[in-house]
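Just below is one structure, and these are the notes that go with it.
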Amino acid sequence: MIRFIAAASLWLTFQPAFHHGCMAQSETLKFRSTDAALQTAFDRAAEMALSHRGNPADPVGDWYEAALPSRFAFCMRDVAHQSMAAEMLGLGKANSNMFSLFAKNISDSKDWCSYWEINKEGKPAPADYRNDDEFWYNLNANFDVMNAAWKLYLWTGDKRYINGPEFADFHRKSVREYVERWVLQPDSLLSRPLHPNAHAAYNDKDAFHRCRGLASYSEGVHDLKMGVDLIASLSRGMQTYADMLRVEGKTAEASAFDQKAEQYRRHIENKWWSEKEDKYFTYYSSKGVFGYAEGETFLLWFDVLKDTTRTRKTIDQILARDWNMENQSYFPYVLGQYGYPEQIRSQILHLTDPATKRREYPEVSYGAVQGVVQGIMGIDADARVNRITTLFNGRAADTHTIENLPVLQRKISVTEGAKTASLRNAGPALQWRVMFAGKHPFIMVNGARRKASQMVVKGSRMVSFLDVTVPANQQLVARVP
């Protein structure tokens, strides 16, 4: 959570003894590389991430730390951002439990918020909660959790993240009652009250009053009425809900939410771009003034930008300034969607450098793990079509291997370089979309030449790809000239 600073000594002092005994449970996940520095970085990140696993015997059940370590707790934003790496590290049971708890605790009395942070006792963490009228909550959280649940479904194939009773209720309430209660309709974003649900005893000096429904993840602007990151999360939330509805066969209702997602996205493009500064504003104040703080990162995290020129300028601006460690932990994954192999690598090395301040914050190590698997190696999954996608995003001279990666209810191993890729499937047959940067007329698969197709990724990256079936317990090797 952005507003708290922890020293490394604090983490070392407060780690539960149980954590370090959990390491063996995910030792099957391995990363090997010709890049010795990146190899070391991954090993450090995986070790640190697993050190944050909680005791499954705690009252809350299976969990991992996703908040300031001294709290023995997990908050919605951090869990949403750590969950993919957690799945890769074998912490799927913890994900299922933690997401379920967030979903179950949405309530009318909290204006359709959940508990922002839950501790190992299974209670709302006292640092963020006093009662249902007085608590800390960033409004992005519902849509961030919803988007993370969708990604977990795509990765694991577990449909409960979409239609389990508590999840279906959470998703439905978030895109309807929650939006209405907090005045987050597309035409109300700049005119909404500063504190829509302030109770009669509201006290501006009490953070649990003032911050009960922050309209951004950026917490340093006292009179912030709306953050561009919240609008990005709304757009992604509506799009995610539409995608979930399509899985359930509800195409007409899905189309309506597609349109809502586009309304929020167009609002960002039409209202929040500064022609003078050549960048997006990040907040709108109660005085009716646009300004700059944090927020640009979430335009990329929630994947709402379609203007390639503005997108590249946003990335350039992000790379040109200093950020807190939470924001930096997202960079390897985010940059991997657009290219930037050198920058991804340097970000991962920075996140895992023992000299880096606050590298012990849980989001950091999880971000580095995800940055290697999805940022550099470009591994993704889509349970809807039983497909794994790979797209090498590393340096041309490097070769990387990830072994025993749990995905789509099996384990796979992938080796990649700029011109070659292999996938070993330790489970039932699956589809593999093997992708290579650039325009290649053919891709060789186990020595046989196959005609490749081309597409443009993220508006500017030309890639060549081929869809092949990887039989059960077999390996395919793909190459381009």
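Chains: A, B, ... in order of the structure tokens. Residues: from 1 per chain. Ligands: from 1, in order shown.
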Would you list the contacts of Lys411 of chain A as JSON, numbers by chain, taking every protein, DNA or RNA residue within 7 Å and counting only C-alpha atoms, but skipping same-chain residues closer than 4 positions in sequence?
-> {"A": [404, 405, 406, 407, 425, 426, 427]}
Store the residues picked out above in a file with N, CA and C atoms, as a PDB file, in the first residue's frame.
```
ATOM      1  N   ASN A 404       8.387 -26.344 -15.339  1.00  0.00           N
ATOM      2  CA  ASN A 404       7.341 -26.733 -14.388  1.00  0.00           C
ATOM      3  C   ASN A 404       6.480 -25.542 -13.970  1.00  0.00           C
ATOM      4  N   LEU A 405       6.028 -24.814 -14.962  1.00  0.00           N
ATOM      5  CA  LEU A 405       5.154 -23.665 -14.720  1.00  0.00           C
ATOM      6  C   LEU A 405       3.710 -24.146 -14.663  1.00  0.00           C
ATOM      7  N   PRO A 406       3.023 -23.969 -13.517  1.00  0.00           N
ATOM      8  CA  PRO A 406       1.634 -24.428 -13.430  1.00  0.00           C
ATOM      9  C   PRO A 406       0.698 -23.494 -14.190  1.00  0.00           C
ATOM     10  N   VAL A 407      -0.034 -24.045 -15.170  1.00  0.00           N
ATOM     11  CA  VAL A 407      -0.956 -23.254 -15.985  1.00  0.00           C
ATOM     12  C   VAL A 407      -1.961 -24.196 -16.629  1.00  0.00           C
ATOM     13  N   ASN A 425       4.721 -30.091 -22.792  1.00  0.00           N
ATOM     14  CA  ASN A 425       3.406 -30.141 -22.173  1.00  0.00           C
ATOM     15  C   ASN A 425       3.278 -31.387 -21.317  1.00  0.00           C
ATOM     16  N   ALA A 426       3.290 -31.217 -19.999  1.00  0.00           N
ATOM     17  CA  ALA A 426       3.147 -32.351 -19.077  1.00  0.00           C
ATOM     18  C   ALA A 426       1.691 -32.500 -18.666  1.00  0.00           C
ATOM     19  N   GLY A 427       0.825 -32.702 -19.649  1.00  0.00           N
ATOM     20  CA  GLY A 427      -0.597 -32.824 -19.374  1.00  0.00           C
ATOM     21  C   GLY A 427      -1.342 -33.111 -20.662  1.00  0.00           C
TER      22      GLY A 427
END
```
Select from segment 166-357 of chain A everything DSSP, run on the backbone, classes as alpha helix (DSSP H), then give the selection as JSON, numbers by chain.
-> {"A": [166, 167, 168, 169, 170, 171, 172, 173, 174, 175, 177, 178, 179, 180, 181, 207, 208, 209, 210, 228, 229, 230, 231, 232, 233, 234, 235, 236, 237, 238, 239, 240, 241, 242, 243, 244, 245, 246, 247, 251, 252, 253, 254, 255, 256, 257, 258, 259, 260, 261, 262, 263, 264, 265, 266, 267, 268, 269, 270, 271, 296, 297, 298, 299, 300, 301, 308, 309, 310, 311, 312, 313, 314, 315, 316, 317, 318, 319, 325, 326, 327, 328, 329, 330, 331, 332, 333, 334, 335, 336, 341, 342, 343, 344, 345, 346, 347, 348, 349, 350, 351, 352]}
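Those residues that approach Asp187 of chain A to within 10 Å, counting only C-alpha atoms, are A:Arg192, A:Gln263, A:Tyr264, A:His267; same-chain residues fewer than 5 positions away are not listed.
Distances here use only C-alpha atoms; by that measure, the residue among A:Ala215, A:Leu152, A:Val463, A:Ala429 closest to Ala383 of chain A is A:Leu152.
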Long-range neighbours of Ile118 of chain A as a PyMOL selection string, 6 Å cut-off, only C-alpha atoms, 6 positions minimum in chain | chain A and resi 73-74+124-125
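Ranking A:Asp111, A:Asp144, A:Glu219, A:Asp322 by their shortest atom-to-atom distance to Asp132 of chain A, with only C-alpha atoms included, puts A:Asp111 first.
Distances here use only C-alpha atoms; by that measure, the residue among A:Pro441, A:Pro59, A:Gly54, A:Pro428 closest to Asn473 of chain A is A:Pro428.
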Select from segment 11-98 of chain A every residue with an atom at most 12 Å from any atom of segment 160-180 of chain A, then for each give the shortest pair of atoms and their distance in Å to one decimal, using only C-alpha atoms, rows by chain and rising number, as a tab-separated table.
```
residue	atom	partner	partner_atom	distance
A:Gly92	CA	A:Tyr161	CA	12.0
A:Asn95	CA	A:Tyr161	CA	10.2
A:Ser96	CA	A:Tyr161	CA	8.1
A:Asn97	CA	A:Tyr161	CA	10.9
A:Met98	CA	A:Tyr161	CA	11.5
```
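Minimum atom-to-atom distance to Tyr338 of chain A, evaluated using only C-alpha atoms, belongs to A:Val457 out of A:Leu68, A:Leu189, A:Val457, A:Ala472.
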In segment 358-439 of chain A, DSSP strand (DSSP E or B) residues written as a ChimeraX atom specification | /A:380-382,387-391,400-407,410-416,420-426,430-437
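Reported to one decimal place, the separation of atom CA of Val221 of chain A from atom CA of Tyr292 of chain A is 9.6 Å.
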Determine, counting only C-alpha atoms, which protein, DNA and RNA residues have an atom within 12 Å of an atom of Asn119 of chain A; residues of the same chain fewer than 5 positions away are not included. Present the result as a PyMOL selection string.
-> chain A and resi 54-55+58-76+98+101-102+124-129
Export C-alpha atoms of the chosen residues as a PDB file, in the first residue's frame?
```pdb
ATOM      1  CA  GLY A  54       1.501 -17.245   5.503  1.00  0.00           C
ATOM      2  CA  ASN A  55       0.665 -20.276   7.589  1.00  0.00           C
ATOM      3  CA  ASP A  58      -3.964 -19.409  10.500  1.00  0.00           C
ATOM      4  CA  PRO A  59      -7.653 -18.581  11.126  1.00  0.00           C
ATOM      5  CA  VAL A  60      -7.883 -16.827   7.743  1.00  0.00           C
ATOM      6  CA  GLY A  61      -6.826 -19.999   5.910  1.00  0.00           C
ATOM      7  CA  ASP A  62      -4.240 -20.205   3.130  1.00  0.00           C
ATOM      8  CA  TRP A  63      -2.765 -16.770   2.416  1.00  0.00           C
ATOM      9  CA  TYR A  64       0.318 -14.739   1.554  1.00  0.00           C
ATOM     10  CA  GLU A  65       1.371 -11.267   2.593  1.00  0.00           C
ATOM     11  CA  ALA A  66       0.196  -8.508   0.313  1.00  0.00           C
ATOM     12  CA  ALA A  67       0.558  -5.444   2.515  1.00  0.00           C
ATOM     13  CA  LEU A  68       3.135  -4.003   4.884  1.00  0.00           C
ATOM     14  CA  PRO A  69       4.831  -7.179   6.216  1.00  0.00           C
ATOM     15  CA  SER A  70       4.505  -6.186   9.868  1.00  0.00           C
ATOM     16  CA  ARG A  71       0.706  -6.389   9.549  1.00  0.00           C
ATOM     17  CA  PHE A  72       0.473 -10.080   8.615  1.00  0.00           C
ATOM     18  CA  ALA A  73      -2.268  -9.136   6.158  1.00  0.00           C
ATOM     19  CA  PHE A  74      -3.284  -8.760   2.532  1.00  0.00           C
ATOM     20  CA  CYS A  75      -5.025  -5.829   0.854  1.00  0.00           C
ATOM     21  CA  MET A  76      -7.133  -5.765  -2.295  1.00  0.00           C
ATOM     22  CA  MET A  98      -8.098 -14.610  -0.512  1.00  0.00           C
ATOM     23  CA  LEU A 101     -12.845 -13.493   1.141  1.00  0.00           C
ATOM     24  CA  PHE A 102     -12.777 -10.166  -0.694  1.00  0.00           C
ATOM     25  CA  PRO A 124     -10.458  -6.537   8.708  1.00  0.00           C
ATOM     26  CA  ALA A 125      -7.029  -5.114   9.549  1.00  0.00           C
ATOM     27  CA  PRO A 126      -7.367  -2.445  12.300  1.00  0.00           C
ATOM     28  CA  ALA A 127      -4.887  -0.193  10.483  1.00  0.00           C
ATOM     29  CA  ASP A 128      -7.525   0.278   7.763  1.00  0.00           C
ATOM     30  CA  TYR A 129     -10.869  -0.433   9.430  1.00  0.00           C
TER      31      TYR A 129
END
```
Near Ile231 of chain A, within 10 Å and counting only C-alpha atoms, which residues show up once chain neighbours fewer than 5 positions away are dropped, as a list in words?
-> Asn140, Leu184, Gln185, Pro186, Leu189, Ala215, Ser216, Met226, Arg236, Gly237, Ala261, Tyr264, Arg265, His267, Ile268, Phe298, Leu299, Phe302 and Val304 of chain A
Please produce a file of those selected residues containing C-alpha atoms, as a short mmCIF file (atom, residue, chain, number, x, y, z; two decimals), in the first residue's frame.
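Output below, filename part.cif:
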```cif
data_model
loop_
_atom_site.label_atom_id
_atom_site.label_comp_id
_atom_site.auth_asym_id
_atom_site.auth_seq_id
_atom_site.Cartn_x
_atom_site.Cartn_y
_atom_site.Cartn_z
CA ASN A 140 -10.19 1.23 -7.88
CA LEU A 184 -19.05 6.80 -10.98
CA GLN A 185 -21.18 6.92 -14.13
CA PRO A 186 -19.31 8.22 -17.21
CA LEU A 189 -16.88 11.65 -13.18
CA ALA A 215 -11.15 8.16 -6.15
CA SER A 216 -7.60 7.03 -7.01
CA MET A 226 -11.23 11.94 -9.60
CA ARG A 236 -11.25 -2.28 -17.64
CA GLY A 237 -13.85 -3.44 -15.09
CA ALA A 261 -16.10 0.34 -21.20
CA TYR A 264 -14.92 5.49 -19.93
CA ARG A 265 -12.01 5.01 -22.32
CA HIS A 267 -13.65 10.06 -21.58
CA ILE A 268 -9.95 9.63 -20.78
CA PHE A 298 -2.42 2.34 -14.43
CA LEU A 299 -3.37 3.48 -17.91
CA PHE A 302 -5.51 -1.63 -17.12
CA VAL A 304 -7.02 1.18 -21.88
#
```
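You can rank A:Gln475, A:Ser235, A:Gln337, A:Ser285 by their closest distance to Arg312 of chain A using only C-alpha atoms, and at the top of that list sits A:Gln337.
The smallest atom-to-atom distance between Phe135 of chain A and any of A:Arg461, A:His52, A:His209, A:His222, using only C-alpha atoms, is found for A:His209.
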